[in-house]
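Visitor: Okay, so here is protein02.pdb, and as you'll see once you scroll down, it has PDB, C-alpha atoms and all ligand atoms.
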MODEL        1
ATOM      1  CA  MET A   1     106.606 141.727 125.258
ATOM      2  CA  SER A   2     109.993 143.139 124.375
ATOM      3  CA  THR A   3     109.866 146.919 124.291
ATOM      4  CA  SER A   4     112.349 146.883 121.405
ATOM      5  CA  LEU A   5     109.741 145.520 119.004
ATOM      6  CA  PRO A   6     107.994 147.953 116.689
ATOM      7  CA  GLN A   7     104.237 148.231 116.988
ATOM      8  CA  ALA A   8     102.146 146.714 114.203
ATOM      9  CA  GLY A   9      99.855 149.737 113.988
ATOM     10  CA  ALA A  10     102.778 152.154 113.922
ATOM     11  CA  ALA A  11     104.537 150.251 111.150
ATOM     12  CA  ALA A  12     101.359 150.184 109.109
ATOM     13  CA  GLY A  13     100.849 153.901 109.711
ATOM     14  CA  ALA A  14      97.485 153.232 111.361
ATOM     15  CA  GLU A  15      95.936 155.232 114.193
ATOM     16  CA  PRO A  16      95.502 153.265 117.441
ATOM     17  CA  SER A  17      91.949 152.015 117.593
ATOM     18  CA  ALA A  18      89.747 150.466 120.284
ATOM     19  CA  ALA A  19      88.389 147.840 117.910
ATOM     20  CA  PRO A  20      90.840 144.992 117.239
ATOM     21  CA  GLN A  21      92.111 144.908 113.662
ATOM     22  CA  PRO A  22      91.633 141.646 111.718
ATOM     23  CA  GLY A  23      95.309 140.769 111.964
ATOM     24  CA  THR A  24      95.669 141.577 115.679
ATOM     25  CA  ALA A  25      96.398 138.821 118.193
ATOM     26  CA  LEU A  26      93.688 138.011 120.736
ATOM     27  CA  GLY A  27      96.293 137.681 123.491
ATOM     28  CA  ALA A  28      98.401 140.563 124.802
ATOM     29  CA  ASP A  29     101.763 139.015 123.981
ATOM     30  CA  PRO A  30     102.049 137.911 120.361
ATOM     31  CA  VAL A  31     104.435 135.100 119.465
ATOM     32  CA  LEU A  32     104.309 136.040 115.795
ATOM     33  CA  ARG A  33     104.257 139.548 114.324
ATOM     34  CA  ALA A  34     104.333 140.175 110.610
ATOM     35  CA  LEU A  35     104.603 143.897 109.952
ATOM     36  CA  ALA A  36     103.711 145.668 106.703
ATOM     37  CA  LEU A  37     104.814 142.779 104.504
ATOM     38  CA  GLU A  38     105.233 143.281 100.789
ATOM     39  CA  LYS A  39     106.153 140.586  98.329
ATOM     40  CA  SER A  40     106.706 141.188  94.633
ATOM     41  CA  TYR A  41     107.973 138.906  91.916
ATOM     42  CA  PRO A  42     109.694 140.489  88.926
ATOM     43  CA  PRO A  43     108.378 139.793  85.416
ATOM     44  CA  LEU A  44     109.537 136.443  84.032
ATOM     45  CA  VAL A  45     110.342 138.027  80.666
ATOM     46  CA  ALA A  46     111.707 141.484  79.863
ATOM     47  CA  GLY A  47     108.808 143.905  79.422
ATOM     48  CA  GLY A  48     106.362 141.476  81.102
ATOM     49  CA  VAL A  49     104.173 142.160  84.098
ATOM     50  CA  GLY A  50     105.460 141.309  87.578
ATOM     51  CA  LEU A  51     103.333 140.061  90.455
ATOM     52  CA  ARG A  52     102.685 142.064  93.611
ATOM     53  CA  LEU A  53     101.474 139.430  96.045
ATOM     54  CA  PHE A  54     101.285 141.235  99.419
ATOM     55  CA  LYS A  55     100.679 144.899 100.132
ATOM     56  CA  ASP A  56     101.110 146.149 103.674
ATOM     57  CA  LEU A  57     100.071 142.806 105.157
ATOM     58  CA  SER A  58     100.200 142.629 108.951
ATOM     59  CA  LEU A  59      99.438 139.719 111.264
ATOM     60  CA  GLU A  60      99.857 138.961 114.954
ATOM     61  CA  VAL A  61      99.264 135.600 116.585
ATOM     62  CA  ALA A  62      99.414 135.067 120.356
ATOM     63  CA  ALA A  63     100.474 132.002 122.318
ATOM     64  CA  GLY A  64      97.520 129.662 122.554
ATOM     65  CA  GLU A  65      95.833 131.130 119.481
ATOM     66  CA  MET A  66      94.928 129.098 116.414
ATOM     67  CA  VAL A  67      94.319 131.358 113.411
ATOM     68  CA  ALA A  68      92.801 130.031 110.193
ATOM     69  CA  VAL A  69      93.805 131.617 106.878
ATOM     70  CA  VAL A  70      91.468 131.058 103.951
ATOM     71  CA  GLY A  71      91.556 132.421 100.423
ATOM     72  CA  GLU A  72      91.259 131.473  96.806
ATOM     73  CA  SER A  73      93.834 129.316  95.120
ATOM     74  CA  GLY A  74      96.729 131.552  94.084
ATOM     75  CA  ALA A  75      95.904 134.239  96.690
ATOM     76  CA  GLY A  76      99.312 133.710  98.299
ATOM     77  CA  LYS A  77      98.555 131.533 101.342
ATOM     78  CA  SER A  78     101.532 129.216 100.871
ATOM     79  CA  SER A  79     103.777 132.165 100.018
ATOM     80  CA  LEU A  80     102.749 133.852 103.279
ATOM     81  CA  LEU A  81     103.650 130.763 105.332
ATOM     82  CA  HIS A  82     107.012 130.635 103.510
ATOM     83  CA  LEU A  83     107.750 134.206 104.648
ATOM     84  CA  LEU A  84     106.744 133.398 108.240
ATOM     85  CA  ALA A  85     109.002 130.319 108.230
ATOM     86  CA  ALA A  86     111.983 132.189 106.719
ATOM     87  CA  LEU A  87     111.813 129.917 103.667
ATOM     88  CA  ASP A  88     111.569 133.111 101.619
ATOM     89  CA  ARG A  89     112.181 136.814 102.229
ATOM     90  CA  PRO A  90     109.650 139.624 101.894
ATOM     91  CA  THR A  91     110.387 142.482  99.497
ATOM     92  CA  ALA A  92     109.625 144.842 102.417
ATOM     93  CA  GLY A  93     108.362 144.567 105.974
ATOM     94  CA  GLU A  94     109.431 142.385 108.879
ATOM     95  CA  VAL A  95     108.553 139.095 110.518
ATOM     96  CA  TRP A  96     109.211 138.709 114.245
ATOM     97  CA  CYS A  97     108.958 135.474 116.191
ATOM     98  CA  GLY A  98     109.277 136.315 119.879
ATOM     99  CA  THR A  99     112.303 138.615 119.996
ATOM    100  CA  THR A 100     113.863 137.281 116.770
ATOM    101  CA  ASN A 101     113.713 139.464 113.671
ATOM    102  CA  VAL A 102     113.259 136.592 111.221
ATOM    103  CA  THR A 103     113.726 138.847 108.200
ATOM    104  CA  ARG A 104     117.315 139.604 109.188
ATOM    105  CA  LEU A 105     118.470 135.992 109.568
ATOM    106  CA  SER A 106     121.205 134.609 107.317
ATOM    107  CA  ALA A 107     120.425 131.372 105.450
ATOM    108  CA  ARG A 108     122.264 129.388 108.134
ATOM    109  CA  GLU A 109     120.480 131.174 110.987
ATOM    110  CA  ALA A 110     117.147 130.679 109.199
ATOM    111  CA  GLY A 111     117.749 126.916 109.150
ATOM    112  CA  ALA A 112     118.368 126.907 112.894
ATOM    113  CA  TYR A 113     115.313 129.150 113.432
ATOM    114  CA  ARG A 114     113.087 126.715 111.545
ATOM    115  CA  ASN A 115     114.426 123.760 113.491
ATOM    116  CA  ARG A 116     114.081 125.474 116.864
ATOM    117  CA  GLU A 117     110.983 127.658 116.583
ATOM    118  CA  ILE A 118     108.813 126.403 113.695
ATOM    119  CA  GLY A 119     106.726 123.296 113.240
ATOM    120  CA  TYR A 120     105.591 122.967 109.614
ATOM    121  CA  VAL A 121     102.862 120.634 108.386
ATOM    122  CA  TRP A 122     102.646 120.420 104.583
ATOM    123  CA  GLN A 123      99.679 119.258 102.551
ATOM    124  CA  PHE A 124     101.829 116.490 101.061
ATOM    125  CA  HIS A 125     103.656 115.731 104.343
ATOM    126  CA  TYR A 126     107.221 115.303 102.860
ATOM    127  CA  LEU A 127     107.990 112.343 105.101
ATOM    128  CA  LEU A 128     110.954 110.138 104.190
ATOM    129  CA  PRO A 129     109.140 107.031 102.903
ATOM    130  CA  GLU A 130     112.019 104.586 103.410
ATOM    131  CA  PHE A 131     112.479 105.617 107.033
ATOM    132  CA  THR A 132     110.340 104.253 109.863
ATOM    133  CA  ALA A 133     107.651 106.250 111.610
ATOM    134  CA  VAL A 134     109.799 106.712 114.703
ATOM    135  CA  GLU A 135     112.826 107.783 112.605
ATOM    136  CA  ASN A 136     110.758 110.373 110.731
ATOM    137  CA  VAL A 137     109.451 111.885 113.958
ATOM    138  CA  ALA A 138     112.889 111.881 115.623
ATOM    139  CA  MET A 139     114.511 113.571 112.588
ATOM    140  CA  PRO A 140     114.239 117.235 113.744
ATOM    141  CA  LEU A 141     115.854 116.330 117.089
ATOM    142  CA  LEU A 142     118.644 114.351 115.376
ATOM    143  CA  ALA A 143     119.165 117.242 112.915
ATOM    144  CA  ARG A 144     119.915 119.592 115.770
ATOM    145  CA  GLY A 145     122.362 117.165 117.347
ATOM    146  CA  ASP A 146     120.310 115.565 120.131
ATOM    147  CA  ARG A 147     121.471 112.118 121.281
ATOM    148  CA  ARG A 148     119.806 109.215 119.481
ATOM    149  CA  ALA A 149     118.425 107.499 122.580
ATOM    150  CA  GLY A 150     116.713 110.642 123.844
ATOM    151  CA  ALA A 151     115.426 111.590 120.381
ATOM    152  CA  PHE A 152     113.943 108.128 119.805
ATOM    153  CA  SER A 153     112.254 107.891 123.199
ATOM    154  CA  GLU A 154     110.740 111.370 122.687
ATOM    155  CA  ALA A 155     109.603 110.320 119.186
ATOM    156  CA  ALA A 156     107.983 107.190 120.651
ATOM    157  CA  ARG A 157     106.075 109.390 123.119
ATOM    158  CA  TRP A 158     104.875 111.577 120.247
ATOM    159  CA  LEU A 159     103.754 108.552 118.250
ATOM    160  CA  GLU A 160     101.592 107.539 121.225
ATOM    161  CA  ARG A 161     100.224 111.049 121.392
ATOM    162  CA  VAL A 162      99.081 111.017 117.759
ATOM    163  CA  GLY A 163      97.642 107.492 118.044
ATOM    164  CA  LEU A 164     100.432 105.674 116.182
ATOM    165  CA  GLY A 165     102.200 104.022 119.112
ATOM    166  CA  ASP A 166     101.910 100.598 117.474
ATOM    167  CA  ARG A 167     103.335 101.773 114.097
ATOM    168  CA  ALA A 168     106.778 102.946 115.260
ATOM    169  CA  GLU A 169     108.763 100.480 113.141
ATOM    170  CA  HIS A 170     106.598 100.748 110.007
ATOM    171  CA  ARG A 171     108.066 102.618 107.069
ATOM    172  CA  SER A 172     106.193 105.881 106.652
ATOM    173  CA  GLY A 173     105.556 105.020 102.983
ATOM    174  CA  GLU A 174     103.466 102.030 104.142
ATOM    175  CA  LEU A 175     101.082 104.166 106.204
ATOM    176  CA  SER A 176      97.740 105.580 105.044
ATOM    177  CA  GLY A 177      97.310 109.251 104.112
ATOM    178  CA  GLY A 178      95.725 110.085 107.465
ATOM    179  CA  GLU A 179      98.437 108.218 109.389
ATOM    180  CA  GLN A 180     101.145 109.999 107.408
ATOM    181  CA  GLN A 181      99.622 113.347 108.289
ATOM    182  CA  ARG A 182      99.487 112.341 111.988
ATOM    183  CA  LEU A 183     103.161 111.501 111.677
ATOM    184  CA  SER A 184     103.970 114.864 110.149
ATOM    185  CA  ILE A 185     102.081 116.595 112.990
ATOM    186  CA  ALA A 186     104.216 114.681 115.511
ATOM    187  CA  ARG A 187     107.371 115.625 113.550
ATOM    188  CA  ALA A 188     106.290 119.286 113.545
ATOM    189  CA  LEU A 189     105.641 119.440 117.289
ATOM    190  CA  ILE A 190     108.411 117.243 118.737
ATOM    191  CA  THR A 191     110.779 120.227 118.978
ATOM    192  CA  ARG A 192     108.199 122.189 121.024
ATOM    193  CA  PRO A 193     108.143 125.052 118.507
ATOM    194  CA  LYS A 194     106.779 128.521 119.245
ATOM    195  CA  LEU A 195     104.895 128.600 115.962
ATOM    196  CA  LEU A 196     103.004 125.888 114.094
ATOM    197  CA  LEU A 197     102.389 126.576 110.394
ATOM    198  CA  ALA A 198     100.069 124.147 108.623
ATOM    199  CA  ASP A 199      99.441 124.483 104.879
ATOM    200  CA  GLU A 200      96.177 122.734 103.995
ATOM    201  CA  PRO A 201      96.995 119.878 106.387
ATOM    202  CA  THR A 202      93.767 118.030 105.554
ATOM    203  CA  GLY A 203      93.563 119.064 101.890
ATOM    204  CA  ASP A 204      94.560 115.660 100.574
ATOM    205  CA  LEU A 205      92.387 113.552 102.925
ATOM    206  CA  ASP A 206      88.832 112.215 102.650
ATOM    207  CA  GLY A 207      86.116 113.769 104.851
ATOM    208  CA  ALA A 208      86.176 111.454 107.880
ATOM    209  CA  THR A 209      89.988 111.212 107.906
ATOM    210  CA  ALA A 210      90.294 114.978 107.498
ATOM    211  CA  GLU A 211      87.983 115.456 110.503
ATOM    212  CA  ARG A 212      90.090 113.151 112.710
ATOM    213  CA  VAL A 213      93.356 114.822 111.666
ATOM    214  CA  PHE A 214      91.938 118.311 112.217
ATOM    215  CA  VAL A 215      90.609 117.369 115.675
ATOM    216  CA  LEU A 216      94.029 115.962 116.599
ATOM    217  CA  LEU A 217      95.785 119.102 115.374
ATOM    218  CA  GLN A 218      93.409 121.325 117.303
ATOM    219  CA  GLU A 219      93.670 119.279 120.515
ATOM    220  CA  LEU A 220      97.463 119.366 120.384
ATOM    221  CA  CYS A 221      97.524 123.106 119.638
ATOM    222  CA  ARG A 222      95.154 123.751 122.544
ATOM    223  CA  SER A 223      97.132 121.637 125.010
ATOM    224  CA  LEU A 224     100.538 123.007 123.928
ATOM    225  CA  GLY A 225      99.235 126.514 123.320
ATOM    226  CA  ALA A 226      98.811 127.226 126.994
ATOM    227  CA  GLN A 227     102.611 127.045 127.174
ATOM    228  CA  THR A 228     103.878 128.920 124.113
ATOM    229  CA  LEU A 229     102.444 127.653 120.839
ATOM    230  CA  ALA A 230     100.822 129.957 118.284
ATOM    231  CA  SER A 231      99.309 128.331 115.176
ATOM    232  CA  VAL A 232      98.439 129.466 111.656
ATOM    233  CA  VAL A 233      96.419 126.939 109.655
ATOM    234  CA  VAL A 234      95.681 127.435 105.958
ATOM    235  CA  THR A 235      92.553 125.586 104.934
ATOM    236  CA  HIS A 236      89.889 125.470 102.255
ATOM    237  CA  ASN A 237      87.494 123.860 104.726
ATOM    238  CA  MET A 238      85.301 126.682 106.103
ATOM    239  CA  GLU A 239      83.854 124.420 108.783
ATOM    240  CA  PHE A 240      87.361 123.707 110.154
ATOM    241  CA  ALA A 241      88.259 127.395 109.843
ATOM    242  CA  ALA A 242      85.205 128.373 111.903
ATOM    243  CA  ARG A 243      86.430 126.119 114.724
ATOM    244  CA  CYS A 244      89.670 128.142 115.018
ATOM    245  CA  ASP A 245      89.980 131.202 117.286
ATOM    246  CA  ARG A 246      90.023 133.643 114.344
ATOM    247  CA  VAL A 247      89.448 133.340 110.613
ATOM    248  CA  LEU A 248      91.325 135.648 108.236
ATOM    249  CA  ARG A 249      90.871 135.812 104.493
ATOM    250  CA  LEU A 250      93.800 136.599 102.221
ATOM    251  CA  ARG A 251      92.395 138.884  99.555
ATOM    252  CA  ASP A 252      94.069 141.416  97.280
ATOM    253  CA  GLY A 253      97.346 141.021  99.141
ATOM    254  CA  ARG A 254      95.966 141.699 102.622
ATOM    255  CA  LEU A 255      94.391 139.754 105.490
ATOM    256  CA  VAL A 256      90.795 140.732 106.222
ATOM    257  CA  ALA A 257      88.309 139.318 108.733
ATOM    258  CA  ALA A 258      86.423 136.448 107.103
TER     259      ALA A 258
HETATM  260  N1  LIG A 301     108.853 132.162  92.884
HETATM  261  C1  LIG A 301     107.778 132.684  92.310
HETATM  262  N2  LIG A 301     107.870 133.481  91.217
HETATM  263  C2  LIG A 301     106.793 134.048  90.664
HETATM  264  N3  LIG A 301     105.521 133.848  91.100
HETATM  265  C3  LIG A 301     105.355 133.060  92.174
HETATM  266  C4  LIG A 301     106.468 132.434  92.844
HETATM  267  N4  LIG A 301     105.973 131.708  93.900
HETATM  268  C5  LIG A 301     104.617 131.871  93.874
HETATM  269  N5  LIG A 301     104.254 132.664  92.853
HETATM  270  C6  LIG A 301     102.883 133.086  92.519
HETATM  271  O1  LIG A 301     102.289 133.640  93.667
HETATM  272  C7  LIG A 301     100.888 133.378  93.663
HETATM  273  C8  LIG A 301     100.474 132.790  94.982
HETATM  274  O2  LIG A 301     100.911 131.439  95.073
HETATM  275  P1  LIG A 301     100.634 130.575  96.377
HETATM  276  O3  LIG A 301     101.240 131.242  97.551
HETATM  277  O4  LIG A 301     101.103 129.179  96.096
HETATM  278  O5  LIG A 301      99.042 130.632  96.481
HETATM  279  P2  LIG A 301      98.028 129.750  97.353
HETATM  280  O6  LIG A 301      98.814 128.942  98.335
HETATM  281  O7  LIG A 301      97.103 130.745  98.005
HETATM  282  O8  LIG A 301      97.278 128.895  96.382
HETATM  283  C9  LIG A 301     100.613 132.479  92.484
HETATM  284  O9  LIG A 301     100.109 133.284  91.433
HETATM  285  C10 LIG A 301     101.974 131.939  92.140
HETATM  286  O10 LIG A 301     102.072 131.617  90.784
HETATM  287 MG    MG A 302      99.003 126.881  98.627
ENDMDL
END
Output the structure of this file as structure tokens.
Guide:
Amino acid sequence: MSTSLPQAGAAAGAEPSAAPQPGTALGADPVLRALALEKSYPPLVAGGVGLRLFKDLSLEVAAGEMVAVVGESGAGKSSLLHLLAALDRPTAGEVWCGTTNVTRLSAREAGAYRNREIGYVWQFHYLLPEFTAVENVAMPLLARGDRRAGAFSEAARWLERVGLGDRAEHRSGELSGGEQQRLSIARALITRPKLLLADEPTGDLDGATAERVFVLLQELCRSLGAQTLASVVVTHNMEFAARCDRVLRLRDGRLVAA
């Protein structure tokens, strides 16, 4: 770990403790460190009441770890992932990914950070329906300027890996919900990110399809995790959450052990 990084406990003002805190990574070398995050929204109308979403929220996730985040609707789960992905900025606190202080990135740098370091799986996938499966998966490599031939052969390999090798030339809009989510998992991982963020990846799928997609996600995270991948998965499914390495509940603006 870089010695230049602040310590989570120090930033939170906590005494060092033998017992691991809920937000502490299981491994010694966290990929992700969110330190004392605060997020407030101002009132929408003058004299109204603002919203204080996070208070002193800290989280570490190590390479190889898959952390589930659960919590009631409106607790701030999606907002937390947005801060981790540099899609939004905290009011206070810092997010580190490896040795990058994500909070300090300019908008342009944040775009490059997302492309290089983050794989994001959304509940409603956000695939490009008129583009083929292989084009959708190759998109992050093309966006960062990789050559077409290399990007497409890598995308074809990823389609095989998620069980869609025979659907490469199908438009993504023609695929089923489960197949579309497999595609978005391939698109998230093709860049070999350090951090996978999944926001209710099975929330829109029926039970059996959700199970297959979750198993795929977990298998890929396990096999890639040994290299560098840390994962944060938001889910309402407590059975899936229990199969992750740690389960954290977002409550009253903080992460607590579930
Ligand atoms: N840009 C914003 N301005 C004001 N309030 C917001 C904004 N974005 C999210 N919120 C509020 O933050 C809360 C948490 O939202 P969200 O992160 O989507 O919750 P969850 O994903 O846990 O259901 C909600 O009350 C939501 O209305
Ligand atoms: Mg949400």
Visitor: Carefully work through the PyMOL selection byres (((not hetatm)) within 7 of (chain A and resi 301)) for this structure and note down the residues it includes, as a PyMOL selection string.
Guide: chain A and resi 41+51+53+71-80
Visitor: Now that the selection is made, can you save its residues with C-alpha atoms as a JSON list (two decimals), in the frame of the given file?
Guide:
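Result went into part-v2.json, see below:
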[["chain", "number", "residue", "atom", "x", "y", "z"],
["A", 41, "TYR", "CA", 107.97, 138.91, 91.92],
["A", 51, "LEU", "CA", 103.33, 140.06, 90.46],
["A", 53, "LEU", "CA", 101.47, 139.43, 96.04],
["A", 71, "GLY", "CA", 91.56, 132.42, 100.42],
["A", 72, "GLU", "CA", 91.26, 131.47, 96.81],
["A", 73, "SER", "CA", 93.83, 129.32, 95.12],
["A", 74, "GLY", "CA", 96.73, 131.55, 94.08],
["A", 75, "ALA", "CA", 95.90, 134.24, 96.69],
["A", 76, "GLY", "CA", 99.31, 133.71, 98.30],
["A", 77, "LYS", "CA", 98.56, 131.53, 101.34],
["A", 78, "SER", "CA", 101.53, 129.22, 100.87],
["A", 79, "SER", "CA", 103.78, 132.16, 100.02],
["A", 80, "LEU", "CA", 102.75, 133.85, 103.28]]
Visitor: Scan for residues within 12 Å of the point (95.0, 118.2, 120.4) in the coordinates of the file, using only C-alpha atoms, and reply as a ChimeraX atom specification.
Guide: /A:64,66,158,161-163,182,185-186,189,212-226
Visitor: Given the file shown, determine the residues that the PyMOL selection byres (((chain A and resi 238) around 10) and not hetatm) selects; report them as a compact mmCIF listing (two decimals) with C-alpha atoms, in the coordinates of the input.
Guide:
# COMPACT_ATOMS: atom_id res chain seq x y z
CA ALA A 68 92.80 130.03 110.19
CA VAL A 69 93.80 131.62 106.88
CA VAL A 70 91.47 131.06 103.95
CA THR A 235 92.55 125.59 104.93
CA HIS A 236 89.89 125.47 102.26
CA ASN A 237 87.49 123.86 104.73
CA GLU A 239 83.85 124.42 108.78
CA PHE A 240 87.36 123.71 110.15
CA ALA A 241 88.26 127.40 109.84
CA ALA A 242 85.20 128.37 111.90
CA ARG A 243 86.43 126.12 114.72
CA VAL A 247 89.45 133.34 110.61
CA ALA A 258 86.42 136.45 107.10
Visitor: Quick one: everything within 7 Å of Leu32 (chain A), counting all atoms listed in the file, minus sequence neighbours fewer than 4 positions away in the same chain. Send it as a list in words.
Guide: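 My reading of the contact set: Glu60, Val61, Ala62, Trp96, Cys97 and Gly98 of chain A.
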Visitor: Please write the residues from the selection above to a file, keeping C-alpha atoms, as a short mmCIF file (atom, residue, chain, number, x, y, z; two decimals), in the frame of the given file.
Guide:
data_model
loop_
_atom_site.label_atom_id
_atom_site.label_comp_id
_atom_site.auth_asym_id
_atom_site.auth_seq_id
_atom_site.Cartn_x
_atom_site.Cartn_y
_atom_site.Cartn_z
CA GLU A 60 99.86 138.96 114.95
CA VAL A 61 99.26 135.60 116.58
CA ALA A 62 99.41 135.07 120.36
CA TRP A 96 109.21 138.71 114.24
CA CYS A 97 108.96 135.47 116.19
CA GLY A 98 109.28 136.32 119.88
#
Visitor: Can you tell me how far CA of Phe124 (chain A) sits from CA of Glu174 (chain A), in Å to one decimal?
Guide: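 A separation of 14.9 Å between them.
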Visitor: Let me know the residues the PyMOL selection byres (((chain A and resi 190-195) around 8) and not hetatm) catches in the file above, as a PyMOL selection string.
Guide: chain A and resi 31-32+63+97+115-119+137-138+140-141+154-155+158+186-189+196-197+228-232
Visitor: With a distance cut-off of 10 Å and only C-alpha atoms, select the neighbouring residues of Asp166 (chain A), excluding the residue or stretch itself and same-chain residues fewer than 5 positions from it, and output the selection as a VMD selection string.
Guide: chain A and resid 133 156 159 to 160
Visitor: Report the distance between CA of Leu250 (chain A) and CA of Val234 (chain A) in Å, rounded to one decimal place.
Guide: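 Taking CA of Leu250 (chain A) as the start and CA of Val234 (chain A) as the end point, the length is 10.1 Å.
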Visitor: One decimal, Å: what's the distance from CA of Leu35 (chain A) over to CA of Gly93 (chain A), could you say?
Guide: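 Those two atoms sit 5.5 Å apart.
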Visitor: Identify, on the basis of only C-alpha atoms, every residue whose closest approach to His170 (chain A) does not exceed 10 Å; exclude the query and any residue fewer than 5 positions from it along the same chain; express the result as number ranges by chain.
Guide: A: 129-135, 175
Visitor: Can you list, as a VMD selection string, every protein, DNA or RNA residue that comes within 9 Å of Gln123 (chain A) when you count all atoms listed in the file, leaving out same-chain residues fewer than 3 positions away?
Guide: chain A and resid 126 181 198 to 204
Visitor: Using all atoms listed in the file, which residue out of A:Leu183, A:Leu81, A:Ala257, A:Ala34 lies closest to ligand MG 302 (chain A)?
Guide: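 So, comparing all the options, the nearest one is A:Leu81.
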Visitor: Any idea what's packed within 6 Å of Asp56 (chain A), counting all atoms listed in the file, ignoring anything in its chain fewer than 2 positions away? Could you give it as a list of chain:residue names?
Guide: A:Ala36, A:Leu37, A:Glu38
